[in-house]
Amino acid sequence: MSTADIKQKLIAASIAAALPLIVLFEGTRQTAYLDPVSIPTICRGHTGGVKLGQTATMEQCDDMTVQDLLKAKASMESCLKVPLNDNQRAAFTSFVFNVGPGRKDVKDGFCVLESGKPSTMITLLNKGDYTGACNQMQFWNKAGGVVYAGLTKRRAAERALCLKPV
């Protein structure tokens, strides 16, 4: 088996570990809809270039989910300076899939806040405080300033996975 094959298998394994959370909490909708903060969304939380009225096949939804998970994993790793176990990697990938990495002057996220400062979560994580970083997930249960029960449940599930020993 080549190094490239091994790398592909490792990437697939880390994505596969996050997938059950994504499917459970995002659901699958093959017709575009507005999410709670009015962002056009389709399939399992895909937002890039989506137009209301757009439809997708299940194969297209699966492809979008894989691409979005790869992007979330890469975003997470871009600001991460410590190793993660498989459960932590899956939990943080699911979190970034939903929240995003963040962007100065635009929105809060895993890596950076709207203020331009790093998030408390990534700060704790990069200091090696894995428990503290996992516990930060529970505070990210709002969309548009409103607490959503679904986000509260999702964050509890991500936190539990993050804290679960391998």
# chains A, B, ... in the order shown; residues from 1 in each chain; ligands from 1

$ closest_atom_pairs --of "stretch 86-119 of chain A" --to "stretch 37-48 of chain A" --cutoff "12 Å" --atoms "only C-alpha atoms" --output "tab-separated table"
residue	atom	partner	partner_atom	distance
A:Ser94	CA	A:Gly45	CA	11.2
A:Val96	CA	A:Gly45	CA	11.8
A:Phe97	CA	A:Gly45	CA	8.4
A:Asn98	CA	A:Gly45	CA	7.5
A:Val99	CA	A:Gly45	CA	10.5
A:Gly100	CA	A:Thr47	CA	11.3

$ residues_around --residues "A:Leu151" --least-positions-apart "5" --cutoff "8 Å" --atoms "only C-alpha atoms" --output "JSON, numbers by chain"
{"A": [140, 141, 142]}

$ select_by_dssp --residues "stretch 5-153 of chain A" --states "helix (DSSP H, G or I)" --output "VMD selection string"
chain A and resid 5 to 26 58 to 78 86 to 99 120 to 126 130 to 139 149 to 153

$ atom_distance --atom1 "atom CA of A:Arg29" --atom2 "atom CA of A:Leu69"
17.1 Å

$ residues_around --residues "A:Gly128" --least-positions-apart "6" --cutoff "12 Å" --atoms "only C-alpha atoms" --output "list in words"
Leu80, Lys81, Val82, Pro83, Leu84, Met121, Ile122 and Cys134 of chain A

$ atom_distance --atom1 "atom CA of A:Thr120" --atom2 "atom CA of A:Asp105"
17.1 Å

$ select_by_dssp --residues "chain A" --states "strand (DSSP E or B)" --output "list in words"
Arg29, Gln30, Thr31, Ala32, Tyr33, Leu34, Pro40, Thr41, Ile42, Cys43, His46, Thr55, Arg103, Lys107, Val112, Pro118, Lys142, Ala143, Val146 and Val147 of chain A

$ write_last_selection --atoms "N, CA, C and O atoms" --output "PDB file, in the first residue's frame"
ATOM      1  N   ARG A  29     -32.081  17.164   3.257  1.00  0.00           N
ATOM      2  CA  ARG A  29     -33.169  17.783   2.505  1.00  0.00           C
ATOM      3  C   ARG A  29     -32.684  18.046   1.100  1.00  0.00           C
ATOM      4  O   ARG A  29     -31.750  18.812   0.894  1.00  0.00           O
ATOM      5  N   GLN A  30     -33.330  17.396   0.142  1.00  0.00           N
ATOM      6  CA  GLN A  30     -32.889  17.467  -1.245  1.00  0.00           C
ATOM      7  C   GLN A  30     -33.382  18.706  -1.983  1.00  0.00           C
ATOM      8  O   GLN A  30     -32.998  18.926  -3.122  1.00  0.00           O
ATOM      9  N   THR A  31     -34.198  19.508  -1.345  1.00  0.00           N
ATOM     10  CA  THR A  31     -34.648  20.782  -1.916  1.00  0.00           C
ATOM     11  C   THR A  31     -34.139  21.902  -1.017  1.00  0.00           C
ATOM     12  O   THR A  31     -34.248  21.821   0.208  1.00  0.00           O
ATOM     13  N   ALA A  32     -33.575  22.932  -1.625  1.00  0.00           N
ATOM     14  CA  ALA A  32     -32.991  24.037  -0.867  1.00  0.00           C
ATOM     15  C   ALA A  32     -34.025  24.710   0.031  1.00  0.00           C
ATOM     16  O   ALA A  32     -35.206  24.815  -0.331  1.00  0.00           O
ATOM     17  N   TYR A  33     -33.576  25.149   1.174  1.00  0.00           N
ATOM     18  CA  TYR A  33     -34.420  25.796   2.190  1.00  0.00           C
ATOM     19  C   TYR A  33     -33.590  26.867   2.898  1.00  0.00           C
ATOM     20  O   TYR A  33     -32.367  26.927   2.728  1.00  0.00           O
ATOM     21  N   LEU A  34     -34.243  27.709   3.667  1.00  0.00           N
ATOM     22  CA  LEU A  34     -33.534  28.699   4.471  1.00  0.00           C
ATOM     23  C   LEU A  34     -33.285  28.122   5.858  1.00  0.00           C
ATOM     24  O   LEU A  34     -34.213  27.630   6.508  1.00  0.00           O
ATOM     25  N   PRO A  40     -29.526  30.126   2.473  1.00  0.00           N
ATOM     26  CA  PRO A  40     -29.976  29.029   1.618  1.00  0.00           C
ATOM     27  C   PRO A  40     -29.097  27.792   1.825  1.00  0.00           C
ATOM     28  O   PRO A  40     -27.868  27.871   1.775  1.00  0.00           O
ATOM     29  N   THR A  41     -29.748  26.653   2.083  1.00  0.00           N
ATOM     30  CA  THR A  41     -29.070  25.420   2.482  1.00  0.00           C
ATOM     31  C   THR A  41     -29.711  24.242   1.756  1.00  0.00           C
ATOM     32  O   THR A  41     -30.902  24.270   1.453  1.00  0.00           O
ATOM     33  N   ILE A  42     -28.910  23.219   1.490  1.00  0.00           N
ATOM     34  CA  ILE A  42     -29.430  22.009   0.849  1.00  0.00           C
ATOM     35  C   ILE A  42     -28.687  20.791   1.402  1.00  0.00           C
ATOM     36  O   ILE A  42     -27.599  20.925   1.968  1.00  0.00           O
ATOM     37  N   CYS A  43     -29.276  19.650   1.227  1.00  0.00           N
ATOM     38  CA  CYS A  43     -28.699  18.354   1.609  1.00  0.00           C
ATOM     39  C   CYS A  43     -28.445  18.284   3.107  1.00  0.00           C
ATOM     40  O   CYS A  43     -29.390  18.381   3.871  1.00  0.00           O
ATOM     41  N   HIS A  46     -25.267  21.960   3.499  1.00  0.00           N
ATOM     42  CA  HIS A  46     -24.423  22.590   2.476  1.00  0.00           C
ATOM     43  C   HIS A  46     -24.971  23.973   2.133  1.00  0.00           C
ATOM     44  O   HIS A  46     -26.167  24.125   1.882  1.00  0.00           O
ATOM     45  N   THR A  55     -32.567  21.699  -6.347  1.00  0.00           N
ATOM     46  CA  THR A  55     -32.733  20.336  -5.857  1.00  0.00           C
ATOM     47  C   THR A  55     -31.432  19.562  -6.077  1.00  0.00           C
ATOM     48  O   THR A  55     -30.586  19.988  -6.872  1.00  0.00           O
ATOM     49  N   ARG A 103     -14.228  34.198  10.812  1.00  0.00           N
ATOM     50  CA  ARG A 103     -13.534  35.168   9.964  1.00  0.00           C
ATOM     51  C   ARG A 103     -13.638  36.547  10.581  1.00  0.00           C
ATOM     52  O   ARG A 103     -14.734  36.983  10.963  1.00  0.00           O
ATOM     53  N   LYS A 107     -17.736  36.680  11.122  1.00  0.00           N
ATOM     54  CA  LYS A 107     -18.463  35.806  12.050  1.00  0.00           C
ATOM     55  C   LYS A 107     -17.518  35.043  12.962  1.00  0.00           C
ATOM     56  O   LYS A 107     -16.370  34.782  12.606  1.00  0.00           O
ATOM     57  N   VAL A 112     -11.183  31.569  14.736  1.00  0.00           N
ATOM     58  CA  VAL A 112     -11.127  33.003  14.989  1.00  0.00           C
ATOM     59  C   VAL A 112     -12.526  33.567  15.212  1.00  0.00           C
ATOM     60  O   VAL A 112     -13.504  33.077  14.648  1.00  0.00           O
ATOM     61  N   PRO A 118      -8.475  34.774  18.581  1.00  0.00           N
ATOM     62  CA  PRO A 118      -8.766  33.335  18.506  1.00  0.00           C
ATOM     63  C   PRO A 118      -9.895  32.979  19.458  1.00  0.00           C
ATOM     64  O   PRO A 118     -10.080  33.615  20.496  1.00  0.00           O
ATOM     65  N   LYS A 142     -26.321  28.782  19.803  1.00  0.00           N
ATOM     66  CA  LYS A 142     -27.177  29.856  19.291  1.00  0.00           C
ATOM     67  C   LYS A 142     -26.954  30.057  17.801  1.00  0.00           C
ATOM     68  O   LYS A 142     -25.865  29.858  17.289  1.00  0.00           O
ATOM     69  N   ALA A 143     -28.001  30.494  17.143  1.00  0.00           N
ATOM     70  CA  ALA A 143     -27.926  30.936  15.742  1.00  0.00           C
ATOM     71  C   ALA A 143     -28.669  32.261  15.694  1.00  0.00           C
ATOM     72  O   ALA A 143     -29.817  32.342  16.143  1.00  0.00           O
ATOM     73  N   VAL A 146     -30.159  33.401  19.032  1.00  0.00           N
ATOM     74  CA  VAL A 146     -31.268  32.643  19.621  1.00  0.00           C
ATOM     75  C   VAL A 146     -30.776  31.228  19.957  1.00  0.00           C
ATOM     76  O   VAL A 146     -30.143  30.576  19.129  1.00  0.00           O
ATOM     77  N   VAL A 147     -31.074  30.769  21.181  1.00  0.00           N
ATOM     78  CA  VAL A 147     -30.728  29.405  21.582  1.00  0.00           C
ATOM     79  C   VAL A 147     -31.686  28.439  20.885  1.00  0.00           C
ATOM     80  O   VAL A 147     -32.902  28.625  20.922  1.00  0.00           O
TER      81      VAL A 147
END

$ closest_residue --among "A:Lys117, A:Lys73, A:Lys127, A:Lys51" --to "A:Ala91" --atoms "only C-alpha atoms"
A:Lys73
